[in-house]
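Participant: Below are the structure tokens for one structure; questions will follow.
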Amino acid sequence: MENAIQLNEIFEPELLAEIEKKGQYTSVKEGTVIMDFGDIVRVMPLILKGSVKVSRMEEDGKELLLYYINAGETCAMSFTCCMQQQPSEIKAVAEEDVDMLLIPVNVMDEWISRFSTWKSFVMNTIRARFAELLKTIDQVAFQKLDERLINYLHQKEKATGSSLINLSHQQIADELATSRVVISRLLKKLENDKKLLLYRNQIKLLKEL
DNA sequence: ACATTAAGTGATT
DNA sequence: AATCACTTAATGT
């Protein structure tokens, strides 16, 4: 169930000591807004446990889901924003109870030149996120909503560590910026294909989608 | 038993 | 794929 990570498997002892010294350990409850639109970001969160939902505001006030940050990852946006002290373009909400380490911006530069593991860690998260964003852009551009939905369910499964997803069709529709009817139809099709089971406010994923 | 909310469906654009 | 209009099913009071 728990997907907490072992920092000592990724970083060398010297860096771990630095993280211990400079990082601020924080726990927030489910639903907490960690970062909102327009906030000036001064820290870079390193997620230890739980997951964080990152979304973007659209013109009409709707929120479009961008991606999730899972345990062991950091926020690529916060990195690019905080280095330049730019206001956040995104909103981050704790999807479940979250434990994280807040790394102050001012040590980032130093760590990147001092620790190669830190540099590759940061670069990797940015690269991975960028690839993911390109993927969703592709899907949006070609209107492959069914793929996006499957993608979304997978992320959800990974984030919660459970194949039971507790969401209404409406909630999913909101996050993918579409209508409930469309989601219901797509889910129904997936159910007929034996990919999942539908209940009220709950979806059970079956083996491989 | 009744009201409310979630989900399923056909028809239309 | 979106919207409408309507039905059916599940849940709360």
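If you're wondering about the labels, chains in the structure tokens are A, B, ... by order shown, residues count from 1 in each chain, ligands from 1 in order shown.
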Could you list, as a count of residues only, every residue of chain A that has an atom within 9 Å of an atom of chain B, counting only C-alpha atoms (C1' of nucleotides)?
Facilitator: 9
Participant: Could you find all residues in segment 10-131 of chain A that DSSP calls alpha helix (DSSP H) from the backbone, and write them as number ranges by chain?
Facilitator: A: 13-22, 76-84, 108-114, 116-131
Participant: For atom CA of Gly50 of chain A and atom CA of Leu198 of chain A, quote the distance in Å rounded to one decimal.
Facilitator: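 Pair atom CA of Gly50 of chain A / atom CA of Leu198 of chain A returns 25.2 Å.
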Participant: Starting from chain C, keep only residues with some atom at most 8 Å from an atom of chain A, counting only C-alpha atoms (C1' of nucleotides), and report them as a PyMOL selection string.
Facilitator: chain C and resi 1-2+10
Participant: Write out, as a PDB file, in the first residue's frame, the residues just selected, with N, CA and C atoms (P, O5', C5', C4', C3', O3' and C1' of nucleotides).
Facilitator:
```pdb
ATOM      1  P    DA C   1     -13.516  11.010 -28.707  1.00  0.00           P
ATOM      2  O5'  DA C   1     -14.307  12.297 -29.104  1.00  0.00           O
ATOM      3  C5'  DA C   1     -13.667  13.580 -29.129  1.00  0.00           C
ATOM      4  C4'  DA C   1     -14.738  14.616 -28.938  1.00  0.00           C
ATOM      5  C3'  DA C   1     -15.322  14.654 -27.529  1.00  0.00           C
ATOM      6  O3'  DA C   1     -15.314  16.010 -27.126  1.00  0.00           O
ATOM      7  C1'  DA C   1     -17.051  14.489 -29.108  1.00  0.00           C
ATOM      8  P    DA C   2     -15.785  16.404 -25.685  1.00  0.00           P
ATOM      9  O5'  DA C   2     -17.176  17.114 -25.994  1.00  0.00           O
ATOM     10  C5'  DA C   2     -17.205  18.242 -26.847  1.00  0.00           C
ATOM     11  C4'  DA C   2     -18.623  18.756 -26.949  1.00  0.00           C
ATOM     12  C3'  DA C   2     -19.339  18.891 -25.598  1.00  0.00           C
ATOM     13  O3'  DA C   2     -19.958  20.159 -25.531  1.00  0.00           O
ATOM     14  C1'  DA C   2     -20.622  17.574 -27.091  1.00  0.00           C
ATOM     15  P    DA C  10     -28.680  -0.641  -8.761  1.00  0.00           P
ATOM     16  O5'  DA C  10     -28.178   0.537  -7.840  1.00  0.00           O
ATOM     17  C5'  DA C  10     -27.002   1.245  -8.183  1.00  0.00           C
ATOM     18  C4'  DA C  10     -26.757   2.333  -7.157  1.00  0.00           C
ATOM     19  C3'  DA C  10     -26.781   1.846  -5.706  1.00  0.00           C
ATOM     20  O3'  DA C  10     -25.610   2.351  -5.087  1.00  0.00           O
ATOM     21  C1'  DA C  10     -28.272   3.673  -5.992  1.00  0.00           C
TER      22       DA C  10
END
```
Participant: Tell me, in Å to one decimal, how far atom CA of Met57 of chain A is from atom CA of Arg127 of chain A.
Facilitator: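 If I compute the distance from atom CA of Met57 of chain A to atom CA of Arg127 of chain A, I get 22.8 Å.
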Participant: Work out how far apart atom CA of Ala71 of chain A and atom CA of Leu190 of chain A are and give it in Å to one decimal.
Facilitator: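 Separation between atom CA of Ala71 of chain A and atom CA of Leu190 of chain A: 28.8 Å.
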Participant: For Lys119 of chain A, which residue among A:Leu206, A:Phe79, A:Ala141, A:Gln84 is the nearest when counting only C-alpha atoms?
Facilitator: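 Ranking A:Leu206, A:Phe79, A:Ala141, A:Gln84 by distance to Lys119 of chain A, first place goes to A:Phe79.
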